[in-house]
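Q: Structure: data17.cif, mmCIF, C-alpha atoms and all ligand atoms.
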```
data_target
loop_
_atom_site.label_atom_id
_atom_site.label_comp_id
_atom_site.auth_asym_id
_atom_site.auth_seq_id
_atom_site.Cartn_x
_atom_site.Cartn_y
_atom_site.Cartn_z
CA MET A 958 110.93 99.13 101.04
CA ARG A 959 107.36 99.04 102.40
CA ILE A 960 104.75 101.73 101.71
CA LEU A 961 101.40 102.10 103.45
CA THR A 962 98.84 103.47 100.97
CA ILE A 963 95.54 105.00 102.05
CA GLU A 964 92.45 105.53 99.89
CA THR A 965 89.31 107.40 101.04
CA THR A 966 88.34 109.46 97.99
CA CYS A 967 84.70 108.38 97.80
CA ASP A 968 82.89 105.64 99.70
CA GLU A 969 85.47 102.90 100.21
CA THR A 970 87.86 103.07 103.15
CA ALA A 971 90.98 101.23 101.99
CA ALA A 972 94.58 100.64 103.02
CA ALA A 973 97.33 98.46 101.60
CA VAL A 974 100.97 97.69 102.20
CA VAL A 975 103.02 97.41 98.99
CA THR A 976 106.73 97.24 98.30
CA ASP A 977 108.83 99.22 95.86
CA ARG A 978 108.90 96.06 93.71
CA LEU A 979 105.09 96.21 93.59
CA GLU A 980 104.57 93.20 95.82
CA VAL A 981 101.19 93.47 97.51
CA LEU A 982 101.67 92.51 101.15
CA SER A 983 98.09 93.32 102.16
CA SER A 984 94.95 95.00 100.88
CA VAL A 985 91.91 95.92 102.96
CA VAL A 986 88.75 97.56 101.59
CA ALA A 987 85.79 98.46 103.80
CA SER A 988 82.86 99.14 101.50
CA GLN A 989 80.10 101.57 102.45
CA ASP A 990 77.63 100.36 99.79
CA ALA A 991 75.14 99.21 102.43
CA LEU A 992 75.08 102.70 103.99
CA HIS A 993 74.34 104.49 100.71
CA GLU A 994 72.09 101.94 99.03
CA ARG A 995 68.77 103.34 100.23
CA PHE A 996 69.69 106.79 98.85
CA GLY A 997 70.55 105.42 95.39
CA GLY A 998 73.95 107.16 95.47
CA VAL A 999 76.80 108.25 97.73
CA VAL A 1000 75.77 110.76 100.43
CA PRO A 1001 78.97 112.76 101.12
CA GLU A 1002 78.24 113.48 104.81
CA ILE A 1003 77.54 109.80 105.52
CA ALA A 1004 80.67 108.80 103.59
CA SER A 1005 83.03 111.05 105.55
CA ARG A 1006 81.58 109.99 108.91
CA ALA A 1007 81.95 106.33 107.97
CA HIS A 1008 85.57 106.93 106.92
CA VAL A 1009 86.28 108.45 110.35
CA GLU A 1010 84.94 105.31 112.05
CA ARG A 1011 86.78 102.88 109.78
CA ILE A 1012 90.10 104.42 108.89
CA LEU A 1013 92.09 103.28 111.94
CA PRO A 1014 90.74 99.69 112.02
CA VAL A 1015 91.37 99.42 108.27
CA ILE A 1016 94.97 100.63 108.61
CA ASP A 1017 95.53 98.29 111.58
CA GLU A 1018 94.17 95.38 109.57
CA ALA A 1019 96.38 96.22 106.57
CA LEU A 1020 99.48 96.28 108.81
CA ARG A 1021 98.45 93.07 110.57
CA LYS A 1022 97.88 91.22 107.30
CA ALA A 1023 101.23 92.46 105.98
CA ASN A 1024 102.79 91.14 109.16
CA CYS A 1025 104.40 94.49 109.96
CA THR A 1026 104.09 97.49 112.26
CA LEU A 1027 104.37 101.22 111.66
CA ASP A 1028 108.08 100.88 112.46
CA ASP A 1029 108.57 98.66 109.38
CA LEU A 1030 107.23 101.29 106.96
CA HIS A 1031 109.37 103.52 104.73
CA ALA A 1032 106.69 105.89 103.38
CA ILE A 1033 103.01 106.82 103.69
CA ALA A 1034 100.98 107.44 100.52
CA VAL A 1035 97.49 108.89 100.31
CA ALA A 1036 95.02 109.71 97.54
CA ASN A 1037 94.40 113.44 97.94
CA THR A 1038 92.66 114.10 94.60
CA PRO A 1039 90.03 114.04 93.13
CA GLY A 1040 87.09 113.03 95.30
CA LEU A 1041 84.65 114.17 97.96
CA THR A 1042 86.20 116.82 100.18
CA GLY A 1043 85.14 115.33 103.50
CA SER A 1044 86.16 111.82 102.45
CA LEU A 1045 89.56 112.94 101.14
CA LEU A 1046 90.25 114.85 104.34
CA VAL A 1047 89.90 111.77 106.52
CA GLY A 1048 92.52 109.81 104.59
CA LEU A 1049 94.83 112.79 104.27
CA THR A 1050 94.65 113.59 107.98
CA ALA A 1051 95.45 109.98 108.89
CA ALA A 1052 98.36 109.89 106.43
CA LYS A 1053 99.83 113.20 107.59
CA THR A 1054 99.56 112.15 111.23
CA LEU A 1055 101.38 108.87 110.61
CA ALA A 1056 104.01 110.53 108.42
CA ALA A 1057 104.66 113.21 111.06
CA ALA A 1058 104.67 110.81 114.01
CA LYS A 1059 107.00 108.31 112.33
CA GLU A 1060 109.02 110.87 110.35
CA LEU A 1061 108.26 109.14 107.08
CA PRO A 1062 108.02 110.63 103.58
CA LEU A 1063 104.46 111.59 102.63
CA ILE A 1064 103.45 110.84 99.02
CA ALA A 1065 100.40 112.25 97.22
CA VAL A 1066 98.45 109.92 94.96
CA ASN A 1067 96.19 111.07 92.15
CA HIS A 1068 93.22 108.69 92.33
CA LEU A 1069 92.62 108.77 88.56
CA GLN A 1070 96.23 108.03 87.70
CA ALA A 1071 96.14 105.28 90.31
CA HIS A 1072 93.15 103.64 88.56
CA ILE A 1073 95.28 103.39 85.39
CA TYR A 1074 98.34 102.27 87.35
CA ALA A 1075 96.25 99.33 88.64
CA CYS A 1076 96.61 97.92 85.10
CA ARG A 1077 100.22 97.05 85.97
CA PHE A 1078 98.83 94.19 88.09
CA ALA A 1079 97.93 91.23 85.89
CA PRO A 1080 94.60 89.51 86.41
CA HIS A 1081 94.10 85.90 87.47
CA LYS A 1082 97.31 85.75 89.49
CA VAL A 1083 97.74 85.95 93.25
CA PRO A 1084 100.25 87.29 94.10
CA PHE A 1085 99.74 89.62 91.17
CA ALA A 1086 102.25 89.46 88.33
CA VAL A 1087 103.54 92.91 87.39
CA ARG A 1088 103.64 94.03 83.77
CA ASP A 1089 104.65 97.10 81.78
CA VAL A 1090 101.87 99.23 80.41
CA PHE A 1091 103.37 102.60 79.46
CA PRO A 1092 103.09 104.43 77.12
CA CYS A 1093 99.35 103.88 76.75
CA VAL A 1094 95.96 105.44 76.31
CA GLY A 1095 94.27 105.43 79.71
CA LEU A 1096 90.49 105.16 79.95
CA ILE A 1097 89.05 105.79 83.41
CA VAL A 1098 85.43 104.80 83.85
CA SER A 1099 84.20 105.17 87.40
CA GLY A 1100 81.28 106.60 89.33
CA GLY A 1101 82.69 110.11 89.14
CA HIS A 1102 84.83 110.12 85.99
CA SER A 1103 84.93 109.06 82.36
CA ASN A 1104 88.23 110.35 81.04
CA LEU A 1105 90.73 109.52 78.33
CA TYR A 1106 94.42 110.28 78.90
CA ARG A 1107 97.60 110.14 76.92
CA CYS A 1108 99.83 108.36 79.45
CA ALA A 1109 103.42 108.80 78.30
CA GLY A 1110 104.71 107.38 81.59
CA PRO A 1111 103.46 106.34 85.02
CA ILE A 1112 103.13 109.91 86.28
CA ASP A 1113 103.04 111.73 82.95
CA PHE A 1114 99.35 112.01 82.05
CA ALA A 1115 97.78 114.49 79.59
CA PRO A 1116 93.98 114.71 79.27
CA LEU A 1117 92.55 113.84 75.84
CA GLY A 1118 88.86 114.09 76.61
CA GLY A 1119 86.17 113.25 79.10
CA THR A 1120 82.50 113.34 79.83
CA ILE A 1121 80.67 116.59 79.31
CA ASP A 1122 77.92 115.59 81.74
CA ASP A 1123 77.42 112.30 83.64
CA ALA A 1124 80.22 109.79 84.21
CA ALA A 1125 79.67 106.26 82.84
CA GLY A 1126 79.30 104.72 86.31
CA GLU A 1127 76.98 107.52 87.34
CA ALA A 1128 74.79 106.74 84.29
CA PHE A 1129 74.72 103.06 85.32
CA ASP A 1130 73.72 104.09 88.86
CA LYS A 1131 71.00 106.49 87.71
CA VAL A 1132 69.52 104.12 85.13
CA ALA A 1133 69.52 101.32 87.72
CA SER A 1134 67.60 103.62 90.04
CA LEU A 1135 65.10 104.36 87.23
CA LEU A 1136 64.63 100.62 86.73
CA GLY A 1137 64.19 99.97 90.45
CA LEU A 1138 67.47 98.06 90.65
CA PRO A 1139 69.71 98.34 93.74
CA TYR A 1140 72.78 100.56 94.31
CA PRO A 1141 75.51 100.40 93.09
CA GLY A 1142 73.78 100.26 89.75
CA GLY A 1143 76.63 98.92 87.60
CA PRO A 1144 76.68 95.36 88.93
CA ALA A 1145 72.86 95.35 89.11
CA ILE A 1146 72.52 96.43 85.46
CA GLU A 1147 75.16 93.91 84.42
CA GLN A 1148 73.25 91.15 86.17
CA ALA A 1149 69.87 92.18 84.74
CA ALA A 1150 71.41 92.59 81.26
CA ALA A 1151 72.67 89.02 81.26
CA SER A 1152 69.18 87.71 80.46
CA GLY A 1153 68.16 90.63 78.21
CA ASN A 1154 68.27 91.32 74.49
CA ARG A 1155 70.89 93.99 73.82
CA ASP A 1156 69.35 94.74 70.42
CA ALA A 1157 65.83 95.22 71.82
CA ILE A 1158 66.05 99.02 71.94
CA ARG A 1159 68.33 101.25 69.88
CA PHE A 1160 69.35 103.87 72.44
CA PRO A 1161 71.34 106.90 71.26
CA ARG A 1162 75.17 106.80 71.25
CA PRO A 1163 75.88 110.49 71.94
CA LEU A 1164 79.03 111.97 70.27
CA LEU A 1165 80.05 108.55 69.00
CA ASN A 1166 79.91 109.61 65.38
CA ASP A 1167 81.76 112.88 65.91
CA PRO A 1168 85.38 112.09 64.95
CA THR A 1169 86.55 115.53 66.06
CA ARG A 1170 85.92 114.86 69.76
CA LEU A 1171 87.26 112.44 72.33
CA ASP A 1172 84.44 113.26 74.74
CA PHE A 1173 81.55 111.32 76.20
CA SER A 1174 77.99 112.34 77.03
CA PHE A 1175 75.72 109.98 78.96
CA SER A 1176 73.04 112.31 80.22
CA GLY A 1177 70.91 112.13 77.03
CA LEU A 1178 71.19 108.35 77.04
CA LYS A 1179 69.93 108.29 80.62
CA THR A 1180 67.04 110.56 79.63
CA ALA A 1181 66.19 108.24 76.72
CA VAL A 1182 65.87 105.37 79.22
CA ARG A 1183 63.75 107.55 81.46
CA TYR A 1184 61.37 108.45 78.63
CA LEU A 1185 61.09 104.81 77.66
CA VAL A 1186 60.19 103.61 81.12
CA ALA A 1187 58.15 106.55 82.38
CA GLY A 1188 57.35 108.82 79.43
CA PRO A 1189 58.19 112.54 79.33
CA GLY A 1190 57.32 114.68 82.33
CA LYS A 1191 57.84 114.29 86.03
CA LEU A 1192 58.64 110.78 87.15
CA GLU A 1193 56.54 111.20 90.30
CA ARG A 1194 53.40 111.39 88.20
CA ARG A 1195 54.19 107.95 86.82
CA GLY A 1196 54.65 106.42 90.25
CA VAL A 1197 58.46 106.43 90.33
CA ARG A 1198 59.83 108.61 93.10
CA SER A 1199 62.64 111.07 92.67
CA ARG A 1200 66.16 110.24 93.80
CA GLU A 1201 65.93 112.38 96.91
CA GLN A 1202 63.13 110.16 98.18
CA GLU A 1203 63.20 106.45 98.80
CA VAL A 1204 63.76 104.53 95.58
CA VAL A 1205 60.93 102.13 94.86
CA PRO A 1206 61.05 99.36 92.28
CA LEU A 1207 59.51 100.32 88.98
CA PRO A 1208 56.60 98.02 88.20
CA ARG A 1209 57.43 95.87 85.21
CA SER A 1210 54.05 96.70 83.72
CA SER A 1211 55.10 100.33 83.27
CA LEU A 1212 57.50 99.29 80.53
CA PRO A 1213 55.90 99.30 77.11
CA ALA A 1214 55.48 95.75 75.84
CA PRO A 1215 57.41 93.83 74.66
CA TYR A 1216 60.41 95.21 76.63
CA SER A 1217 61.53 93.85 79.96
CA ILE A 1218 63.86 95.42 82.51
CA ALA A 1219 66.49 92.95 81.29
CA ASP A 1220 66.09 94.23 77.70
CA VAL A 1221 66.40 97.87 78.78
CA ALA A 1222 69.45 97.07 80.94
CA ALA A 1223 71.14 95.11 78.12
CA SER A 1224 70.39 97.75 75.47
CA PHE A 1225 71.55 100.59 77.74
CA GLN A 1226 74.73 98.75 78.71
CA GLU A 1227 75.55 98.13 75.04
CA ALA A 1228 75.07 101.80 74.16
CA VAL A 1229 77.47 102.88 76.94
CA ILE A 1230 80.01 100.25 75.88
CA ASP A 1231 79.81 101.35 72.22
CA CYS A 1232 80.62 104.94 73.24
CA LEU A 1233 83.50 103.95 75.52
CA ILE A 1234 85.08 101.63 72.98
CA GLY A 1235 84.55 103.95 69.99
CA LYS A 1236 86.30 106.87 71.67
CA SER A 1237 89.11 104.67 73.05
CA GLU A 1238 89.81 103.41 69.53
CA LEU A 1239 89.86 107.00 68.28
CA ALA A 1240 92.27 108.00 71.08
CA LEU A 1241 94.60 105.14 70.13
CA GLU A 1242 94.50 106.22 66.50
CA ARG A 1243 95.26 109.83 67.43
CA THR A 1244 98.13 109.07 69.79
CA GLY A 1245 99.61 106.22 67.76
CA TYR A 1246 99.92 104.23 71.00
CA ARG A 1247 99.31 100.48 70.82
CA THR A 1248 98.22 99.83 74.43
CA LEU A 1249 94.88 100.62 76.05
CA CYS A 1250 94.64 100.61 79.85
CA VAL A 1251 91.17 100.66 81.37
CA GLY A 1252 90.55 101.40 85.04
CA GLY A 1253 87.69 102.32 87.37
CA GLY A 1254 84.60 100.54 88.63
CA VAL A 1255 82.91 100.16 85.23
CA ALA A 1256 85.95 98.15 84.05
CA ALA A 1257 84.60 95.37 86.28
CA ASN A 1258 81.72 94.89 83.81
CA ARG A 1259 82.17 91.54 82.11
CA ARG A 1260 80.38 92.45 78.89
CA PHE A 1261 82.56 95.57 78.63
CA ARG A 1262 85.70 93.50 79.21
CA ALA A 1263 84.66 91.00 76.54
CA ARG A 1264 83.94 93.79 74.03
CA LEU A 1265 87.27 95.43 74.82
CA GLU A 1266 89.04 92.15 74.17
CA GLN A 1267 87.22 91.78 70.82
CA SER A 1268 88.19 95.32 69.85
CA ALA A 1269 91.85 94.79 70.83
CA ALA A 1270 92.04 91.51 68.92
CA ALA A 1271 90.46 93.05 65.81
CA LYS A 1272 92.87 96.01 65.81
CA GLY A 1273 95.99 94.19 67.01
CA LEU A 1274 96.21 96.29 70.18
CA GLU A 1275 97.40 95.42 73.68
CA LEU A 1276 94.62 95.61 76.27
CA ARG A 1277 95.37 95.96 79.98
CA ILE A 1278 92.56 95.72 82.54
CA PRO A 1279 93.24 95.25 86.25
CA PRO A 1280 92.05 92.21 88.18
CA LEU A 1281 88.37 92.63 89.17
CA SER A 1282 89.30 93.47 92.77
CA LEU A 1283 91.49 96.35 91.57
CA CYS A 1284 88.88 97.90 89.23
CA THR A 1285 86.71 99.38 91.97
CA ASP A 1286 88.31 101.63 94.57
CA ASN A 1287 91.16 100.02 96.51
CA ALA A 1288 94.49 101.06 98.02
CA VAL A 1289 96.74 98.70 96.03
CA MET A 1290 96.53 101.07 93.07
CA GLY A 1291 98.15 103.65 95.36
CA ALA A 1292 101.34 101.74 94.53
CA ILE A 1293 101.80 104.48 91.94
CA ALA A 1294 103.39 106.23 94.95
CA VAL A 1295 106.49 104.13 94.22
CA GLU A 1296 106.93 106.09 90.96
CA ARG A 1297 106.52 109.44 92.68
CA LEU A 1298 108.96 108.46 95.38
CA ARG A 1299 111.48 107.48 92.69
CA ALA A 1300 110.93 110.84 90.99
CA GLY A 1301 111.60 112.60 94.32
CA LYS A 1302 108.03 113.88 94.60
CA ILE A 1303 107.63 114.03 98.37
CA GLU A 1304 105.09 116.30 100.06
CA ASP A 1305 105.27 118.30 103.24
CA LEU A 1306 102.52 118.62 105.82
CA SER A 1307 100.93 121.52 103.94
CA LEU A 1308 99.57 118.96 101.44
CA ASP A 1309 95.86 119.64 100.93
CA VAL A 1310 92.95 117.88 99.25
CA LEU A 1311 92.08 118.81 95.65
CA PRO A 1312 88.48 117.66 95.24
CA GLY A 1313 87.90 118.72 91.61
CA PRO A 1314 89.06 116.75 88.56
CA GLU A 1315 90.21 119.89 86.68
CA ARG A 1316 92.80 120.73 89.28
CA ALA A 1317 93.54 117.05 89.84
CA ALA A 1318 94.60 116.61 86.22
CA GLN A 1319 97.52 118.92 86.90
CA ALA A 1320 98.40 117.40 90.28
O1 LIG B 1 86.02 103.37 90.66
P1 LIG B 1 84.84 103.21 91.56
O2 LIG B 1 84.82 102.08 92.54
O3 LIG B 1 84.59 104.51 92.40
C1 LIG B 1 84.76 105.80 91.89
O4 LIG B 1 85.93 106.27 91.89
O5 LIG B 1 83.73 106.34 91.44
O6 LIG B 1 83.58 103.13 90.58
C2 LIG B 1 82.27 102.97 91.08
C3 LIG B 1 81.32 102.94 89.88
C4 LIG B 1 79.85 102.92 90.26
O7 LIG B 1 79.18 103.89 89.49
C5 LIG B 1 79.41 101.52 89.91
O8 LIG B 1 78.04 101.43 89.52
C6 LIG B 1 80.33 101.19 88.75
O9 LIG B 1 81.57 101.76 89.11
N1 LIG B 1 80.47 99.75 88.58
C7 LIG B 1 80.07 99.08 87.49
C8 LIG B 1 80.29 97.70 87.75
N2 LIG B 1 80.85 97.59 89.00
C9 LIG B 1 80.95 98.86 89.49
N3 LIG B 1 79.53 99.52 86.33
C10 LIG B 1 79.19 98.61 85.40
N4 LIG B 1 79.35 97.27 85.60
C11 LIG B 1 79.90 96.78 86.73
N5 LIG B 1 80.05 95.47 86.91
ZN ZN B 2 87.69 105.36 91.72
#
```
What does the file become when written as structure tokens?

A:
Amino acid sequence: MRILTIETTCDETAAAVVTDRLEVLSSVVASQDALHERFGGVVPEIASRAHVERILPVIDEALRKANCTLDDLHAIAVANTPGLTGSLLVGLTAAKTLAAAKELPLIAVNHLQAHIYACRFAPHKVPFAVRDVFPCVGLIVSGGHSNLYRCAGPIDFAPLGGTIDDAAGEAFDKVASLLGLPYPGGPAIEQAAASGNRDAIRFPRPLLNDPTRLDFSFSGLKTAVRYLVAGPGKLERRGVRSREQEVVPLPRSSLPAPYSIADVAASFQEAVIDCLIGKSELALERTGYRTLCVGGGVAANRRFRARLEQSAAAKGLELRIPPLSLCTDNAVMGAIAVERLRAGKIEDLSLDVLPGPERAAQA
């Protein structure tokens, strides 16, 4: 059985063809990073217009690479929650049209659950080996979300906690912008951090020492970086322009000696990682589960992956992280549709987008 999966929740236009045995027949991702870079973040209107231009070529390419046509498909799956409304609508409209025209079952994919489901694909193997991961604690760390879930089964997720302000990836993007590093900020910070001293600056680890909460808070950490590089007050006065304007590199000289951008990046990255790992360990303790699955763009961070491995080894836990290509947004993770199809969860053409994470958690 072949399923076409479509992903347009944010700024990647992606399509894949997967089978009900989780074989990946094709995966195509058209990134929009170059379009959003000069704004230092995703501009929703630009994202949805770019999806409109790319969606059909991306689907065509996915079918071509899978060596099949629309007539060879058995179902159409689409991520309809959470995400940017305009972006979600493009993928959903394409999926509904194909499902209606070809009289195929339409399957709704929850993008956050899909990020965790990506952990079923083992790294370092092409074609991907498939492994069991449930039950597990699911940690999603992306540009829009930092959530912990109790994942009893592939489509049985209960929220345990999440960020009360910025998402982890968003903090990476904003701090990169403060440091004059390019968008997306995560890879740029990771690269800068590689030559920095992670103990140079002791940034705060908000909520880390509160054992009663499984939540994250990254906004204060971001502000601590801002104060360090520009001092309190308006950034414009210090020569760094606001995010709405063009982002200009921060002069190295504006950092108080003896810190470098690399030191700030490394110290910031370590603070975020400490928070993510501390709360994941607490979630594992609370649930009694022995497996941690980590998904989302920030899971591509090599220092984070190494620290997660250390933590798992020290506590005797199983760690599951997707291959690098399946950490950031992609359509292969939409293979979770196989589980919904098995559970008889098929949608009709009244299926709508659910942009917000609160409603998405119940989807
Ligand atoms: O999951 P994703 O591709 O899209 C969303 O659903 O948001 O995640 C994108 C986020 C961005 O904030 C990006 O800066 C971050 O993931 N990211 C990273 C790395 N690669 C991507 N953060 C830290 N280190 C990385 N290597
Ligand atoms: Zn994502």

Q: Counting all atoms listed in the file, what is within 9 Å of A:Arg1259, bar same-chain residues fewer than 4 positions away, as a ChimeraX atom specification?

A: /A:1147,1263-1264

Q: Would you output that residue set with C-alpha atoms, as a tab-separated table (two decimals), keeping the file's coordinate frame?

A:
```
chain	number	residue	atom	x	y	z
A	1147	GLU	CA	75.16	93.91	84.42
A	1263	ALA	CA	84.66	91.00	76.54
A	1264	ARG	CA	83.94	93.79	74.03
```

Q: Looking at all atoms listed in the file, which of A:Leu1165, A:Ala1079, A:Leu1069, A:Ala1058 is the one that sits closest to A:Pro1116?

A: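 Ranked by minimum distance to A:Pro1116, first place goes to A:Leu1069.
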
Q: If you count all atoms listed in the file, which residues fall within 12 Å of stretch 1234-1245 of chain A, apart from same-chain ones fewer than 4 positions away, as a PDB file with C-alpha atoms, in the coordinates of the input?

A:
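Output contents, as saved in part_11.pdb:
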```
ATOM      1  CA  PRO A1092     103.090 104.430  77.120  1.00  0.00           C
ATOM      2  CA  CYS A1093      99.350 103.880  76.750  1.00  0.00           C
ATOM      3  CA  VAL A1094      95.960 105.440  76.310  1.00  0.00           C
ATOM      4  CA  GLY A1095      94.270 105.430  79.710  1.00  0.00           C
ATOM      5  CA  LEU A1096      90.490 105.160  79.950  1.00  0.00           C
ATOM      6  CA  ILE A1097      89.050 105.790  83.410  1.00  0.00           C
ATOM      7  CA  VAL A1098      85.430 104.800  83.850  1.00  0.00           C
ATOM      8  CA  SER A1103      84.930 109.060  82.360  1.00  0.00           C
ATOM      9  CA  ASN A1104      88.230 110.350  81.040  1.00  0.00           C
ATOM     10  CA  LEU A1105      90.730 109.520  78.330  1.00  0.00           C
ATOM     11  CA  TYR A1106      94.420 110.280  78.900  1.00  0.00           C
ATOM     12  CA  ARG A1107      97.600 110.140  76.920  1.00  0.00           C
ATOM     13  CA  CYS A1108      99.830 108.360  79.450  1.00  0.00           C
ATOM     14  CA  ALA A1109     103.420 108.800  78.300  1.00  0.00           C
ATOM     15  CA  ALA A1115      97.780 114.490  79.590  1.00  0.00           C
ATOM     16  CA  PRO A1116      93.980 114.710  79.270  1.00  0.00           C
ATOM     17  CA  LEU A1117      92.550 113.840  75.840  1.00  0.00           C
ATOM     18  CA  GLY A1118      88.860 114.090  76.610  1.00  0.00           C
ATOM     19  CA  GLY A1119      86.170 113.250  79.100  1.00  0.00           C
ATOM     20  CA  THR A1120      82.500 113.340  79.830  1.00  0.00           C
ATOM     21  CA  ARG A1162      75.170 106.800  71.250  1.00  0.00           C
ATOM     22  CA  PRO A1163      75.880 110.490  71.940  1.00  0.00           C
ATOM     23  CA  LEU A1164      79.030 111.970  70.270  1.00  0.00           C
ATOM     24  CA  LEU A1165      80.050 108.550  69.000  1.00  0.00           C
ATOM     25  CA  ASN A1166      79.910 109.610  65.380  1.00  0.00           C
ATOM     26  CA  ASP A1167      81.760 112.880  65.910  1.00  0.00           C
ATOM     27  CA  PRO A1168      85.380 112.090  64.950  1.00  0.00           C
ATOM     28  CA  THR A1169      86.550 115.530  66.060  1.00  0.00           C
ATOM     29  CA  ARG A1170      85.920 114.860  69.760  1.00  0.00           C
ATOM     30  CA  LEU A1171      87.260 112.440  72.330  1.00  0.00           C
ATOM     31  CA  ASP A1172      84.440 113.260  74.740  1.00  0.00           C
ATOM     32  CA  PHE A1173      81.550 111.320  76.200  1.00  0.00           C
ATOM     33  CA  SER A1174      77.990 112.340  77.030  1.00  0.00           C
ATOM     34  CA  GLU A1227      75.550  98.130  75.040  1.00  0.00           C
ATOM     35  CA  ALA A1228      75.070 101.800  74.160  1.00  0.00           C
ATOM     36  CA  VAL A1229      77.470 102.880  76.940  1.00  0.00           C
ATOM     37  CA  ILE A1230      80.010 100.250  75.880  1.00  0.00           C
ATOM     38  CA  LEU A1249      94.880 100.620  76.050  1.00  0.00           C
ATOM     39  CA  CYS A1250      94.640 100.610  79.850  1.00  0.00           C
ATOM     40  CA  VAL A1251      91.170 100.660  81.370  1.00  0.00           C
ATOM     41  CA  ALA A1256      85.950  98.150  84.050  1.00  0.00           C
ATOM     42  CA  ARG A1260      80.380  92.450  78.890  1.00  0.00           C
ATOM     43  CA  PHE A1261      82.560  95.570  78.630  1.00  0.00           C
ATOM     44  CA  ARG A1262      85.700  93.500  79.210  1.00  0.00           C
ATOM     45  CA  ALA A1263      84.660  91.000  76.540  1.00  0.00           C
ATOM     46  CA  ARG A1264      83.940  93.790  74.030  1.00  0.00           C
ATOM     47  CA  LEU A1265      87.270  95.430  74.820  1.00  0.00           C
ATOM     48  CA  GLU A1266      89.040  92.150  74.170  1.00  0.00           C
ATOM     49  CA  GLN A1267      87.220  91.780  70.820  1.00  0.00           C
ATOM     50  CA  SER A1268      88.190  95.320  69.850  1.00  0.00           C
ATOM     51  CA  ALA A1269      91.850  94.790  70.830  1.00  0.00           C
ATOM     52  CA  ALA A1271      90.460  93.050  65.810  1.00  0.00           C
ATOM     53  CA  LYS A1272      92.870  96.010  65.810  1.00  0.00           C
ATOM     54  CA  GLY A1273      95.990  94.190  67.010  1.00  0.00           C
ATOM     55  CA  LEU A1274      96.210  96.290  70.180  1.00  0.00           C
ATOM     56  CA  GLU A1275      97.400  95.420  73.680  1.00  0.00           C
ATOM     57  CA  LEU A1276      94.620  95.610  76.270  1.00  0.00           C
TER      58      LEU A1276
END
```

Q: If the limit is 6 Å from any atom of ligand LIG 1 (chain B), counting only C-alpha atoms and all ligand atoms, which residues qualify? Return them as a list in words.

A: Ser1099, Gly1100, Gly1101, Gly1126, Glu1127, Phe1129, Asp1130, Pro1141, Gly1142, Gly1143, Pro1144, Glu1147, Gly1253, Gly1254, Val1255, Ala1257, Asn1258, Thr1285 and Asp1286 of chain A

Q: Between A:Val1000, A:Ala1219, A:Ile1012, A:Ala1071, which one has atoms that come closest to A:Thr1038, using only C-alpha atoms?

A: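 With only C-alpha atoms as the atom set, the closest residue is A:Ala1071.
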
Q: Using Å and a single decimal, report how far atom CA of A:Gly1313 sits from atom CA of A:Asp1122.

A: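 Those two atoms sit 14.4 Å apart.
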
Q: Point out the residue among A:His993, A:Arg1299, A:His1068, A:Arg1021 with the least atom-to-atom distance to ligand ZN 2 (chain B), counting only C-alpha atoms and all ligand atoms.

A: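 Of the candidates, the smallest distance to ligand ZN 2 (chain B) is held by A:His1068.
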
Q: For each of A:Thr1026, A:Ile1003, A:Gly1291, A:Ala1145, take the minimum atom-to-atom distance to A:Ala973, counting only C-alpha atoms, then give the residue where this is smallest.

A: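 Selected residue with least distance to A:Ala973: A:Gly1291.
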